[in-house]
file input_4.txt (compact mmCIF, C-alpha atoms)
# COMPACT_ATOMS: atom_id res chain seq x y z
CA MET A 2 -153.65 -69.62 -6.29
CA SER A 3 -156.32 -72.16 -5.37
CA ARG A 4 -158.05 -69.63 -3.18
CA LEU A 5 -158.01 -67.16 -5.99
CA ARG A 6 -159.56 -69.81 -8.20
CA GLY A 7 -162.08 -70.52 -5.52
CA LYS A 8 -163.16 -66.94 -5.49
CA ASP A 9 -163.48 -66.91 -9.23
CA ARG A 10 -165.56 -70.04 -9.37
CA LEU A 11 -168.12 -68.67 -6.97
CA ALA A 12 -168.12 -65.32 -8.69
CA LEU A 13 -168.47 -67.00 -12.04
CA GLU A 14 -171.37 -69.09 -10.85
CA TYR A 15 -173.08 -65.98 -9.61
CA LEU A 16 -172.47 -64.28 -12.94
CA TYR A 17 -173.77 -67.27 -14.82
CA ASP A 18 -176.96 -67.48 -12.81
CA HIS A 19 -177.48 -63.78 -13.22
CA TYR A 20 -176.50 -63.05 -16.77
CA SER A 21 -176.50 -66.22 -18.85
CA GLY A 22 -180.09 -65.60 -19.96
CA ALA A 23 -179.43 -62.07 -21.17
CA LEU A 24 -176.23 -63.14 -22.88
CA TYR A 25 -177.73 -66.24 -24.43
CA GLY A 26 -180.60 -64.15 -25.78
CA ALA A 27 -178.14 -61.78 -27.39
CA ILE A 28 -175.90 -64.56 -28.73
CA LEU A 29 -178.79 -66.59 -30.09
CA ARG A 30 -180.15 -63.61 -32.01
CA ILE A 31 -176.73 -63.00 -33.53
CA VAL A 32 -175.73 -66.56 -34.49
CA ARG A 33 -179.27 -67.78 -35.10
CA LYS A 34 -178.58 -71.41 -34.47
CA GLU A 35 -179.09 -73.05 -31.13
CA ASP A 36 -176.11 -75.41 -31.09
CA ILE A 37 -173.77 -72.63 -32.11
CA ALA A 38 -175.26 -70.31 -29.49
CA ASP A 39 -174.65 -73.00 -26.84
CA GLU A 40 -171.05 -73.26 -27.91
CA VAL A 41 -170.53 -69.48 -27.93
CA LEU A 42 -172.11 -69.07 -24.51
CA GLN A 43 -169.73 -71.62 -23.05
CA ASP A 44 -166.75 -69.96 -24.73
CA VAL A 45 -167.85 -66.60 -23.37
CA PHE A 46 -167.89 -67.83 -19.79
CA LEU A 47 -164.56 -69.57 -20.19
CA LYS A 48 -163.16 -66.32 -21.48
CA ILE A 49 -164.64 -64.35 -18.58
CA TRP A 50 -163.14 -66.92 -16.24
CA ASP A 51 -159.76 -66.47 -17.85
CA LYS A 52 -159.70 -62.72 -18.17
CA PHE A 53 -161.58 -61.75 -15.08
CA GLU A 54 -158.72 -59.72 -13.65
CA SER A 55 -158.66 -57.53 -16.76
CA TYR A 56 -162.10 -56.18 -15.92
CA ASP A 57 -161.77 -52.59 -14.65
CA SER A 58 -164.81 -51.32 -12.79
CA THR A 59 -163.86 -47.68 -13.32
CA LYS A 60 -164.43 -48.14 -17.03
CA GLY A 61 -167.96 -49.47 -16.86
CA LYS A 62 -170.40 -51.95 -15.41
CA LEU A 63 -169.57 -55.62 -15.19
CA PHE A 64 -172.49 -56.52 -17.43
CA THR A 65 -171.22 -54.15 -20.11
CA TRP A 66 -167.86 -55.87 -20.08
CA ILE A 67 -169.38 -59.35 -20.26
CA LEU A 68 -171.82 -58.32 -22.97
CA ASN A 69 -168.99 -56.95 -25.06
CA VAL A 70 -167.13 -60.24 -24.71
CA ALA A 71 -170.27 -62.14 -25.73
CA ARG A 72 -171.17 -59.88 -28.60
CA ASN A 73 -167.66 -59.95 -30.05
CA GLN A 74 -167.48 -63.69 -29.69
CA ALA A 75 -170.86 -64.19 -31.37
CA ILE A 76 -170.08 -61.79 -34.20
CA ASP A 77 -166.68 -63.38 -34.75
CA LYS A 78 -168.30 -66.79 -34.89
CA THR A 79 -170.85 -65.65 -37.45
CA ARG A 80 -168.16 -64.04 -39.55
CA SER A 81 -165.97 -67.10 -39.59
CA ARG A 82 -168.96 -69.17 -40.66
CA GLU A 83 -169.76 -66.66 -43.36
CA ILE A 84 -166.19 -66.71 -44.58
CA SER A 85 -166.12 -70.48 -44.75
CA LYS A 86 -169.38 -70.34 -46.67
CA GLU A 87 -167.99 -67.70 -48.98
CA LYS A 88 -165.07 -69.96 -49.83
CA LYS A 89 -167.52 -72.49 -51.11
CA THR A 90 -169.62 -69.98 -52.98
CA THR A 91 -167.14 -67.58 -54.54
CA GLY A 92 -168.50 -64.49 -56.19
CA ILE A 93 -171.36 -64.04 -53.84
CA ASP A 94 -171.14 -60.69 -52.19
CA ASN A 95 -171.75 -59.61 -48.64
CA VAL A 96 -175.40 -58.74 -49.07
CA VAL A 97 -176.13 -62.26 -50.14
CA ASN A 98 -174.26 -63.49 -47.12
CA ARG A 99 -176.46 -61.36 -44.97
CA ILE A 100 -179.54 -62.89 -46.54
CA ASP A 101 -177.86 -66.20 -46.05
CA ARG A 102 -177.61 -65.47 -42.40
CA SER A 103 -181.36 -65.33 -42.04
CA GLU A 104 -181.39 -68.93 -43.22
CA TYR A 105 -180.34 -69.86 -39.72
CA LEU A 106 -183.28 -68.13 -38.21
CA GLU A 107 -184.88 -70.40 -35.71
CA GLN A 108 -188.55 -69.99 -35.28
CA GLY A 109 -189.72 -67.28 -32.90
CA ILE A 110 -186.35 -65.94 -31.82
CA ASP A 111 -187.09 -62.56 -33.31
CA ASP A 112 -190.27 -62.17 -31.38
CA ILE A 113 -189.08 -63.05 -27.91
CA GLY A 114 -189.96 -60.11 -25.71
CA VAL A 115 -188.17 -57.61 -27.87
CA LYS A 116 -190.99 -56.42 -30.09
CA ASP A 117 -193.00 -55.13 -27.16
CA ILE A 118 -190.19 -53.08 -25.71
CA LEU A 119 -189.30 -51.53 -29.03
CA LYS A 120 -192.81 -50.91 -30.32
CA ASN A 121 -192.95 -47.28 -29.17
CA LEU A 122 -189.77 -46.29 -30.98
CA PRO A 123 -189.86 -44.43 -34.28
CA GLU A 124 -189.19 -46.83 -37.16
CA GLU A 125 -185.65 -45.62 -37.92
CA GLN A 126 -184.61 -45.91 -34.26
CA ARG A 127 -186.12 -49.37 -33.84
CA PHE A 128 -184.25 -50.44 -36.95
CA VAL A 129 -180.94 -49.38 -35.42
CA VAL A 130 -181.58 -51.02 -32.02
CA GLU A 131 -182.73 -54.26 -33.63
CA HIS A 132 -179.75 -54.50 -35.91
CA LEU A 133 -177.17 -53.58 -33.29
CA TYR A 134 -178.51 -55.54 -30.36
CA PHE A 135 -180.47 -58.37 -31.88
CA LYS A 136 -179.07 -58.98 -35.33
CA GLY A 137 -175.37 -58.81 -34.60
CA TYR A 138 -174.52 -55.86 -36.77
CA THR A 139 -171.72 -53.53 -35.78
CA GLN A 140 -172.35 -49.83 -36.21
CA SER A 141 -169.98 -49.58 -39.16
CA GLU A 142 -171.49 -52.63 -40.90
CA LEU A 143 -174.93 -51.12 -40.54
CA ALA A 144 -173.66 -47.79 -41.88
CA ASP A 145 -172.00 -49.45 -44.89
CA GLU A 146 -174.81 -51.78 -45.84
CA HIS A 147 -177.61 -49.31 -45.53
CA ASN A 148 -175.77 -46.19 -46.65
CA ILE A 149 -176.44 -44.36 -43.42
CA PRO A 150 -173.69 -42.09 -42.07
CA LEU A 151 -172.04 -43.60 -38.99
CA GLY A 152 -172.78 -40.43 -37.03
CA THR A 153 -176.48 -40.82 -37.79
CA ILE A 154 -176.45 -44.41 -36.54
CA LYS A 155 -174.83 -43.23 -33.32
CA THR A 156 -177.30 -40.42 -32.69
CA ARG A 157 -180.26 -42.65 -33.58
CA LEU A 158 -179.08 -45.25 -31.10
CA ARG A 159 -178.66 -42.46 -28.54
CA LEU A 160 -182.22 -41.23 -29.07
CA ALA A 161 -183.60 -44.77 -28.99
CA MET A 162 -181.77 -45.69 -25.79
CA LYS A 163 -182.94 -42.47 -24.17
CA GLN A 164 -186.52 -43.25 -25.09
CA LEU A 165 -186.13 -46.82 -23.82
CA ARG A 166 -185.18 -45.52 -20.37
CA THR A 167 -188.81 -44.72 -19.76
CA THR A 168 -190.01 -48.08 -21.04
CA LEU A 169 -187.43 -49.93 -18.97
CA GLY A 170 -187.78 -47.78 -15.86
CA VAL A 171 -184.25 -46.41 -15.77
CA THR A 172 -184.12 -43.21 -13.74
CA MET B 9 -165.73 -29.43 -23.93
CA ASN B 10 -169.50 -29.19 -24.06
CA ILE B 11 -170.56 -32.37 -22.29
CA HIS B 12 -174.12 -32.09 -23.56
CA ASP B 13 -173.07 -32.04 -27.20
CA TYR B 14 -170.56 -34.77 -26.54
CA ILE B 15 -173.21 -37.02 -25.03
CA ALA B 16 -175.67 -36.19 -27.82
CA THR B 17 -173.33 -37.69 -30.43
CA GLY B 18 -174.15 -41.11 -28.99
CA ILE B 19 -170.55 -41.84 -28.14
CA LEU B 20 -171.43 -43.34 -24.76
CA GLU B 21 -173.87 -45.80 -26.35
CA ALA B 22 -171.19 -46.82 -28.81
CA TYR B 23 -168.75 -47.17 -25.92
CA ALA B 24 -171.16 -49.35 -23.95
CA LEU B 25 -171.68 -51.49 -27.03
CA GLY B 26 -167.92 -51.94 -27.41
CA GLU B 27 -167.96 -50.28 -30.82
CA LEU B 28 -165.19 -47.75 -30.43
CA SER B 29 -161.66 -47.94 -31.75
CA GLU B 30 -158.85 -48.18 -29.23
CA ARG B 31 -158.09 -44.48 -29.62
CA GLU B 32 -161.71 -43.39 -29.22
CA ARG B 33 -162.14 -45.65 -26.23
CA GLU B 34 -159.12 -44.19 -24.47
CA GLU B 35 -160.45 -40.71 -25.10
CA VAL B 36 -163.83 -41.61 -23.61
CA GLU B 37 -162.15 -43.20 -20.59
CA LYS B 38 -160.06 -40.07 -20.07
CA ASN B 39 -163.18 -37.92 -20.21
CA LEU B 40 -165.04 -40.28 -17.87
CA ALA B 41 -162.30 -39.87 -15.29
CA GLN B 42 -162.60 -36.12 -15.62
CA TYR B 43 -166.34 -35.43 -15.80
CA PRO B 44 -168.70 -36.83 -13.16
CA GLU B 45 -171.66 -35.85 -15.36
CA LEU B 46 -170.35 -38.16 -18.05
CA ARG B 47 -170.00 -41.05 -15.60
CA GLU B 48 -173.57 -40.58 -14.45
CA GLU B 49 -174.82 -40.59 -18.02
CA LEU B 50 -172.80 -43.69 -18.87
CA ALA B 51 -174.28 -45.45 -15.85
CA ARG B 52 -177.78 -44.73 -17.24
CA VAL B 53 -176.79 -45.87 -20.71
CA GLU B 54 -175.38 -49.11 -19.31
CA GLU B 55 -178.40 -49.66 -17.11
CA THR B 56 -180.70 -49.24 -20.11
CA GLN B 57 -178.62 -51.64 -22.16
CA GLU B 58 -178.59 -54.19 -19.37
CA ARG B 59 -182.33 -54.01 -18.86
CA LEU B 60 -182.99 -54.21 -22.57
CA LEU B 61 -181.02 -57.43 -22.82
CA MET B 62 -182.37 -58.78 -19.54
CA ASP B 63 -185.86 -58.31 -20.92
CA ALA B 64 -184.88 -60.15 -24.06
CA ALA B 65 -183.23 -62.97 -22.12
CA VAL B 66 -183.50 -66.57 -23.28
CA THR B 67 -182.69 -69.22 -20.69
CA PRO B 68 -180.03 -71.59 -21.95
CA LYS B 69 -180.28 -75.34 -21.46
CA ALA B 70 -179.23 -76.51 -18.00
CA SER B 71 -176.64 -78.84 -19.55
CA ILE B 72 -174.58 -75.85 -20.65
CA LYS B 73 -173.95 -74.79 -17.08
CA THR B 74 -173.10 -78.33 -16.00
CA ASN B 75 -170.62 -78.74 -18.84
CA LEU B 76 -169.11 -75.34 -18.30
CA PHE B 77 -168.36 -75.86 -14.63
CA ALA B 78 -167.13 -79.36 -15.19
CA LEU B 79 -164.64 -77.91 -17.66
CA ILE B 80 -163.59 -75.20 -15.23
CA ASP B 81 -163.15 -77.57 -12.32
CA LYS B 82 -161.10 -79.91 -14.47
CA ALA B 83 -158.94 -77.02 -15.68
CA SER B 84 -158.20 -75.70 -12.24
CA SER B 85 -157.50 -79.11 -10.69
CA THR B 86 -154.94 -79.97 -13.33
CA GLU B 87 -153.49 -76.52 -13.31
CA ALA B 88 -152.95 -75.91 -9.65
CA LYS B 89 -153.49 -79.24 -7.87
CA VAL B 90 -156.24 -77.68 -5.91
CA VAL B 91 -156.38 -78.55 -2.28
CA ALA B 92 -160.02 -79.10 -1.44
CA MET B 93 -161.22 -75.67 -0.66
CA PRO B 94 -162.13 -75.25 2.96
CA SER B 95 -165.62 -73.88 3.30
CA SER B 96 -164.30 -71.19 5.60
CA SER B 97 -162.54 -69.60 2.67
CA ILE B 98 -165.85 -69.29 0.87
CA ARG B 99 -167.21 -67.53 3.89
CA LEU B 100 -164.09 -65.45 3.96
CA TRP B 101 -164.62 -64.54 0.38
CA LYS B 102 -168.17 -63.54 1.10
CA TYR B 103 -166.99 -61.33 3.91
CA ALA B 104 -164.32 -59.90 1.68
CA ALA B 105 -166.89 -59.16 -1.00
CA ALA B 106 -169.23 -57.59 1.52
CA ALA B 107 -166.36 -55.59 2.96
CA SER B 108 -165.24 -54.34 -0.42
CA VAL B 109 -168.78 -53.28 -1.30
CA THR B 110 -169.00 -51.46 2.02
CA ILE B 111 -165.66 -49.81 1.46
CA ALA B 112 -166.64 -48.76 -2.04
CA LEU B 113 -169.88 -47.34 -0.67
CA ILE B 114 -168.13 -45.44 2.07
CA ALA B 115 -165.53 -44.19 -0.36
CA SER B 116 -168.19 -42.84 -2.73
CA LEU B 117 -170.07 -41.22 0.13
CA GLN B 118 -166.85 -39.65 1.31
CA ALA B 119 -166.01 -38.51 -2.19
CA TYR B 120 -169.43 -36.95 -2.46
CA TYR B 121 -169.08 -35.33 0.96
CA TYR B 122 -165.70 -33.84 0.14
CA TRP B 123 -166.86 -32.75 -3.24
CA ASN B 124 -169.72 -30.87 -1.60
CA LYS B 125 -167.34 -29.35 0.91
CA TRP B 126 -165.03 -28.33 -1.85
CA ARG B 127 -167.88 -26.67 -3.71
CA ALA B 128 -168.98 -24.83 -0.57
CA SER B 129 -165.47 -23.58 0.11
CA GLU B 130 -165.11 -22.47 -3.46
CA THR B 131 -168.29 -20.41 -3.11
CA SER B 132 -167.11 -18.78 0.08
CA LEU B 133 -163.74 -18.11 -1.51
CA THR B 134 -165.47 -16.25 -4.33
CA GLU B 135 -167.45 -14.27 -1.79
CA LEU B 136 -164.34 -13.42 0.18
CA THR B 137 -162.50 -12.34 -2.94
CA ALA B 138 -165.38 -10.04 -3.87
CA GLN B 139 -165.45 -8.64 -0.35
CA ASN B 140 -161.75 -8.07 -0.46
CA GLN B 141 -162.08 -6.20 -3.72
CA ARG B 142 -164.81 -4.01 -2.30
CA MET B 143 -162.66 -3.21 0.70
CA ALA B 144 -159.70 -2.36 -1.48
CA GLN B 145 -161.91 0.02 -3.48
CA ASP B 146 -163.18 1.62 -0.29
CA TYR B 147 -159.65 2.00 0.97
CA ASN B 148 -158.59 3.64 -2.28
CA ARG B 149 -161.48 6.02 -2.12
CA VAL B 150 -160.63 7.01 1.46
CA ASN B 151 -157.01 7.36 0.54
CA GLN B 152 -157.75 9.60 -2.41
CA HIS B 153 -159.99 11.63 -0.21
CA LEU B 154 -157.22 12.02 2.33
CA ASP B 155 -154.75 13.00 -0.39
CA LYS B 156 -157.16 15.60 -1.65
CA MET B 157 -157.64 17.04 1.82
CA GLU B 158 -153.90 17.20 2.33
CA ASN B 159 -153.47 18.94 -0.99
CA ASP B 160 -156.30 21.32 -0.22
CA LEU B 161 -154.68 22.16 3.06
CA LYS B 162 -151.26 22.69 1.56
CA ASN B 163 -152.29 24.46 -1.62
CA VAL B 164 -155.27 26.46 -0.50
CA VAL B 165 -155.96 26.78 3.19
CA ASN B 166 -152.37 27.29 4.26
CA ASN B 167 -151.44 29.25 1.19
CA PRO B 168 -151.13 33.00 2.00
CA ALA B 169 -152.12 33.90 -1.58
CA PHE B 170 -155.66 32.78 -0.73
CA LYS B 171 -157.91 35.10 1.19
CA ARG B 172 -160.31 33.43 3.52
CA VAL B 173 -163.80 34.87 3.45
CA MET B 174 -165.96 33.77 6.33
CA MET B 175 -169.65 33.72 5.34
CA MET B 176 -172.01 33.84 8.28
CA GLY B 177 -175.62 32.76 8.37
CA THR B 178 -178.27 35.29 7.39
CA PRO B 179 -181.51 35.60 9.37
CA ASN B 180 -182.82 32.91 6.96
CA ALA B 181 -180.33 30.41 8.39
CA PRO B 182 -178.54 31.73 11.46
CA GLN B 183 -176.74 28.44 12.09
CA SER B 184 -175.24 28.19 8.61
CA MET B 185 -171.66 28.96 7.84
CA ALA B 186 -169.18 28.52 4.99
CA TYR B 187 -165.77 29.73 3.89
CA VAL B 188 -164.57 30.97 0.54
CA TYR B 189 -160.89 30.82 -0.27
CA TRP B 190 -160.11 33.23 -3.03
CA ASN B 191 -156.84 33.84 -4.76
CA GLU B 192 -157.19 37.23 -6.29
CA SER B 193 -154.22 36.94 -8.61
CA SER B 194 -154.96 33.42 -9.97
CA LYS B 195 -158.74 34.04 -9.67
CA GLU B 196 -159.26 30.62 -8.15
CA VAL B 197 -162.18 30.20 -5.77
CA TYR B 198 -162.65 27.34 -3.32
CA LEU B 199 -165.57 26.77 -1.03
CA SER B 200 -165.55 24.97 2.29
CA ILE B 201 -168.91 24.17 3.84
CA GLN B 202 -169.02 24.30 7.61
CA SER B 203 -172.73 24.05 8.06
CA LEU B 204 -175.48 24.32 5.48
CA LYS B 205 -178.89 22.76 5.71
CA GLN B 206 -179.91 19.81 3.55
CA LEU B 207 -181.70 20.72 0.31
CA SER B 208 -184.35 18.90 -1.63
CA LYS B 209 -183.24 17.20 -4.83
CA ASP B 210 -184.73 19.96 -6.93
CA ASN B 211 -182.58 22.68 -5.44
CA GLN B 212 -178.89 23.52 -5.24
CA TYR B 213 -176.80 26.16 -3.55
CA GLN B 214 -175.33 28.87 -5.72
CA LEU B 215 -172.29 30.97 -4.83
CA TRP B 216 -172.16 34.59 -5.86
CA ALA B 217 -169.37 37.12 -5.84
CA ILE B 218 -170.46 40.73 -5.38
CA ILE B 219 -168.44 42.88 -7.74
CA ASP B 220 -169.20 46.58 -7.97
CA GLY B 221 -172.46 45.92 -6.19
CA LYS B 222 -173.57 43.31 -8.74
CA PRO B 223 -173.82 39.54 -8.11
CA VAL B 224 -171.61 37.39 -10.36
CA ASP B 225 -172.27 33.65 -10.62
CA ALA B 226 -169.49 31.59 -9.03
CA GLY B 227 -171.06 28.18 -9.58
CA VAL B 228 -173.58 25.80 -7.99
CA PHE B 229 -172.96 23.06 -5.44
CA ASP B 230 -174.74 20.54 -3.28
CA GLY B 231 -174.90 21.04 0.43
CA ASP B 232 -173.35 17.78 1.56
CA VAL B 233 -169.83 18.00 0.17
CA ALA B 234 -166.87 17.59 2.47
CA GLY B 235 -163.54 19.29 1.86
CA LEU B 236 -162.86 22.05 -0.58
CA LEU B 237 -164.98 22.65 -3.63
CA LYS B 238 -163.44 24.25 -6.66
CA MET B 239 -165.79 26.99 -7.83
CA LYS B 240 -165.75 29.25 -10.89
CA ASP B 241 -162.90 31.69 -11.19
CA ILE B 242 -163.65 35.17 -9.94
CA ALA B 243 -161.68 38.15 -11.22
CA SER B 244 -160.38 40.75 -8.84
CA GLY B 245 -162.76 43.30 -7.44
CA ALA B 246 -165.07 41.07 -5.43
CA ALA B 247 -166.14 42.80 -2.28
CA ALA B 248 -168.25 40.00 -0.85
CA PHE B 249 -169.45 36.44 -1.40
CA ALA B 250 -172.91 35.04 -0.74
CA VAL B 251 -174.80 31.77 -1.14
CA THR B 252 -178.43 31.47 -2.21
CA ILE B 253 -180.76 28.53 -2.76
CA GLU B 254 -181.74 28.17 -6.41
CA PRO B 255 -183.40 25.57 -8.57
CA ARG B 256 -180.97 22.79 -9.50
CA GLY B 257 -178.48 24.07 -12.07
CA GLY B 258 -178.61 27.63 -10.77
CA LYS B 259 -179.97 30.91 -12.15
CA PRO B 260 -178.36 33.93 -13.84
CA THR B 261 -179.46 36.23 -11.05
CA PRO B 262 -179.74 35.37 -7.37
CA THR B 263 -182.99 34.98 -5.48
CA LEU B 264 -182.08 37.27 -2.67
CA GLU B 265 -184.83 36.08 -0.31
CA THR B 266 -183.18 32.68 -0.13
CA MET B 267 -179.72 33.92 0.84
CA GLN B 268 -178.18 31.60 3.41
CA VAL B 269 -174.74 32.96 4.18
CA MET B 270 -172.79 36.04 3.29
CA GLY B 271 -169.38 37.49 4.09
CA ASN B 272 -167.25 40.46 3.07
CA VAL B 273 -163.81 40.17 1.64
CA VAL B 274 -161.50 41.63 4.21
CA LYS B 275 -159.28 44.22 2.70
CA VAL B 276 -155.69 43.79 3.68
call {"tool": "encode", "arguments": {"input": "input_4.txt", "output": "structure tokens"}}
result
Amino acid sequence: MSRLRGKDRLALEYLYDHYSGALYGAILRIVRKEDIADEVLQDVFLKIWDKFESYDSTKGKLFTWILNVARNQAIDKTRSREISKEKKTTGIDNVVNRIDRSEYLEQGIDDIGVKDILKNLPEEQRFVVEHLYFKGYTQSELADEHNIPLGTIKTRLRLAMKQLRTTLGVT
Amino acid sequence: MNIHDYIATGILEAYALGELSEREREEVEKNLAQYPELREELARVEETQERLLMDAAVTPKASIKTNLFALIDKASSTEAKVVAMPSSSIRLWKYAAAASVTIALIASLQAYYYWNKWRASETSLTELTAQNQRMAQDYNRVNQHLDKMENDLKNVVNNPAFKRVMMMGTPNAPQSMAYVYWNESSKEVYLSIQSLKQLSKDNQYQLWAIIDGKPVDAGVFDGDVAGLLKMKDIASGAAAFAVTIEPRGGKPTPTLETMQVMGNVVKV
């Protein structure tokens, strides 16, 4: 057991050194508040530590798995904060909550690196990538709020990610 | 399933983003296990996603890492009364990790190698099957040919109702020779070529029966046919048969200068 733990600790440290930046960037853009992002990042790594044996490499890359943990955690956190806010301000609908979310925007987060990478994308594709990866929207939320069919969101993301391969040097 | 269309729906991007329902995810995983092309595409999708987020990375405060590992160490020491981990086990772990990477690498190389071999053997199997089919067709053709010859022999050559007319080469073609088998009562005429020279594509041989001194058309044929050729029926009264060279398709009257072989019907 202790040896197993030992393995995990070293693996976890490696993962942290490698991926904490990418994950923190994603989390921060979703929760939009530094102290909450710190908290979520820590929770994410504790969760990875706990559930490491449930990762199955035949189903995808390690980073994908970790990112999904982080993204879910961050989105959940935002939702629970929105819900607690909603309790205080009954009658305010979702859209207002979304606007509310931008209240947490910390200066400059939006501009960190991302704008450059996305600048060559057609407007509608950039919109989808930004909302899904950097604003913490799920595909169905984005579809509902902006009256875009879910299938369209999926194909737009597909086209965008294909285009980004060139920008990011994926062969 | 058309993999191209499937990929174009953006399902792999949604999968990589963790956006699919349990049912959809299981379906994708089933397809991934089945289609190598899909796995390759997913790898590219994941790589793009990873690089996108790596590029947008924000370094967290150093205190987060310190706190995190303090928490983890505390958790594991209370949980399992950890014996101070000997450094050799770290090394061991490193070796184990290196070994597993190597094994994975070798396994994928092997998989690729066997996959290639399998593809190659499938190709040669297809070729062999085609070859086999061709041979079976050839065999059938030879067999039919043999059957026909046997029938010819039984029904015509060895049948006393048929008269054999030996046609010898004329001065035009002294080496040529052919037989006519003629059944006077059934009017059937068969031709058997022994030796006739090769003709150009424009020309054909034409068989004539001489009845009351007049040539009667008995049909055209090419010079390179083996076995018996069924010709036109000839009514009784033929005194001789002859073969001339005529333009392809034959003529109503023979060109006598081109006569190749000729033979009289032997009266019994």
call {"tool": "residues_around", "arguments": {"input": "input_4.txt", "residues": "Lys205 (chain B)", "least_positions_apart": "5", "cutoff": "9 Å", "atoms": "only C-alpha atoms", "output": "list in words"}}
result
Ala181, Gln183, Ser184, Gly231 and Asp232 of chain B
call {"tool": "write_last_selection", "arguments": {"input": "input_4.txt", "atoms": "C-alpha atoms", "output": "tab-separated table (two decimals), keeping the file's coordinate frame"}}
result
chain	number	residue	atom	x	y	z
B	181	ALA	CA	-180.33	30.41	8.39
B	183	GLN	CA	-176.74	28.44	12.09
B	184	SER	CA	-175.24	28.19	8.61
B	231	GLY	CA	-174.90	21.04	0.43
B	232	ASP	CA	-173.35	17.78	1.56
call {"tool": "interface_residues", "arguments": {"input": "input_4.txt", "of": "chain A", "to": "chain B", "cutoff": "6 Å", "atoms": "all atoms listed in the file", "output": "ChimeraX atom specification"}}
result
/A:3,22-23,25-26,69,114-115,155-156,159,166
call {"tool": "residues_around", "arguments": {"input": "input_4.txt", "residues": "Thr168 (chain A)", "least_positions_apart": "5", "cutoff": "9 Å", "atoms": "all atoms listed in the file", "output": "ChimeraX atom specification"}}
result
/A:118-119,121
call {"tool": "residues_around", "arguments": {"input": "input_4.txt", "residues": "region 112-123 of chain B", "least_positions_apart": "6", "cutoff": "12 Å", "atoms": "all atoms listed in the file", "output": "list in words"}}
result
Ser58 and Thr59 of chain A; Pro44, Ala104, Ala105, Ala106, Ser129 and Glu130 of chain B
call {"tool": "residues_around", "arguments": {"input": "input_4.txt", "residues": "region 241-254 of chain B", "least_positions_apart": "4", "cutoff": "6 Å", "atoms": "only C-alpha atoms", "output": "ChimeraX atom specification"}}
result
/B:192,195-197,211-219,258,266-273
call {"tool": "write_last_selection", "arguments": {"input": "input_4.txt", "atoms": "C-alpha atoms", "output": "compact mmCIF listing (two decimals), keeping the file's coordinate frame"}}
result
# COMPACT_ATOMS: atom_id res chain seq x y z
CA GLU B 192 -157.19 37.23 -6.29
CA LYS B 195 -158.74 34.04 -9.67
CA GLU B 196 -159.26 30.62 -8.15
CA VAL B 197 -162.18 30.20 -5.77
CA ASN B 211 -182.58 22.68 -5.44
CA GLN B 212 -178.89 23.52 -5.24
CA TYR B 213 -176.80 26.16 -3.55
CA GLN B 214 -175.33 28.87 -5.72
CA LEU B 215 -172.29 30.97 -4.83
CA TRP B 216 -172.16 34.59 -5.86
CA ALA B 217 -169.37 37.12 -5.84
CA ILE B 218 -170.46 40.73 -5.38
CA ILE B 219 -168.44 42.88 -7.74
CA GLY B 258 -178.61 27.63 -10.77
CA THR B 266 -183.18 32.68 -0.13
CA MET B 267 -179.72 33.92 0.84
CA GLN B 268 -178.18 31.60 3.41
CA VAL B 269 -174.74 32.96 4.18
CA MET B 270 -172.79 36.04 3.29
CA GLY B 271 -169.38 37.49 4.09
CA ASN B 272 -167.25 40.46 3.07
CA VAL B 273 -163.81 40.17 1.64
call {"tool": "residues_around", "arguments": {"input": "input_4.txt", "residues": "Lys238 (chain B)", "least_positions_apart": "4", "cutoff": "12 Å", "atoms": "all atoms listed in the file", "output": "PDB file with C-alpha atoms, in the frame of the given file"}}
result
ATOM      1  CA  LYS B 156    -157.160  15.600  -1.650  1.00  0.00           C
ATOM      2  CA  ASP B 160    -156.300  21.320  -0.220  1.00  0.00           C
ATOM      3  CA  VAL B 164    -155.270  26.460  -0.500  1.00  0.00           C
ATOM      4  CA  VAL B 188    -164.570  30.970   0.540  1.00  0.00           C
ATOM      5  CA  TYR B 189    -160.890  30.820  -0.270  1.00  0.00           C
ATOM      6  CA  TRP B 190    -160.110  33.230  -3.030  1.00  0.00           C
ATOM      7  CA  ASN B 191    -156.840  33.840  -4.760  1.00  0.00           C
ATOM      8  CA  LYS B 195    -158.740  34.040  -9.670  1.00  0.00           C
ATOM      9  CA  GLU B 196    -159.260  30.620  -8.150  1.00  0.00           C
ATOM     10  CA  VAL B 197    -162.180  30.200  -5.770  1.00  0.00           C
ATOM     11  CA  TYR B 198    -162.650  27.340  -3.320  1.00  0.00           C
ATOM     12  CA  LEU B 199    -165.570  26.770  -1.030  1.00  0.00           C
ATOM     13  CA  SER B 200    -165.550  24.970   2.290  1.00  0.00           C
ATOM     14  CA  ILE B 201    -168.910  24.170   3.840  1.00  0.00           C
ATOM     15  CA  LEU B 215    -172.290  30.970  -4.830  1.00  0.00           C
ATOM     16  CA  ALA B 226    -169.490  31.590  -9.030  1.00  0.00           C
ATOM     17  CA  GLY B 227    -171.060  28.180  -9.580  1.00  0.00           C
ATOM     18  CA  VAL B 228    -173.580  25.800  -7.990  1.00  0.00           C
ATOM     19  CA  PHE B 229    -172.960  23.060  -5.440  1.00  0.00           C
ATOM     20  CA  VAL B 233    -169.830  18.000   0.170  1.00  0.00           C
ATOM     21  CA  ALA B 234    -166.870  17.590   2.470  1.00  0.00           C
ATOM     22  CA  ILE B 242    -163.650  35.170  -9.940  1.00  0.00           C
TER      23      ILE B 242
END
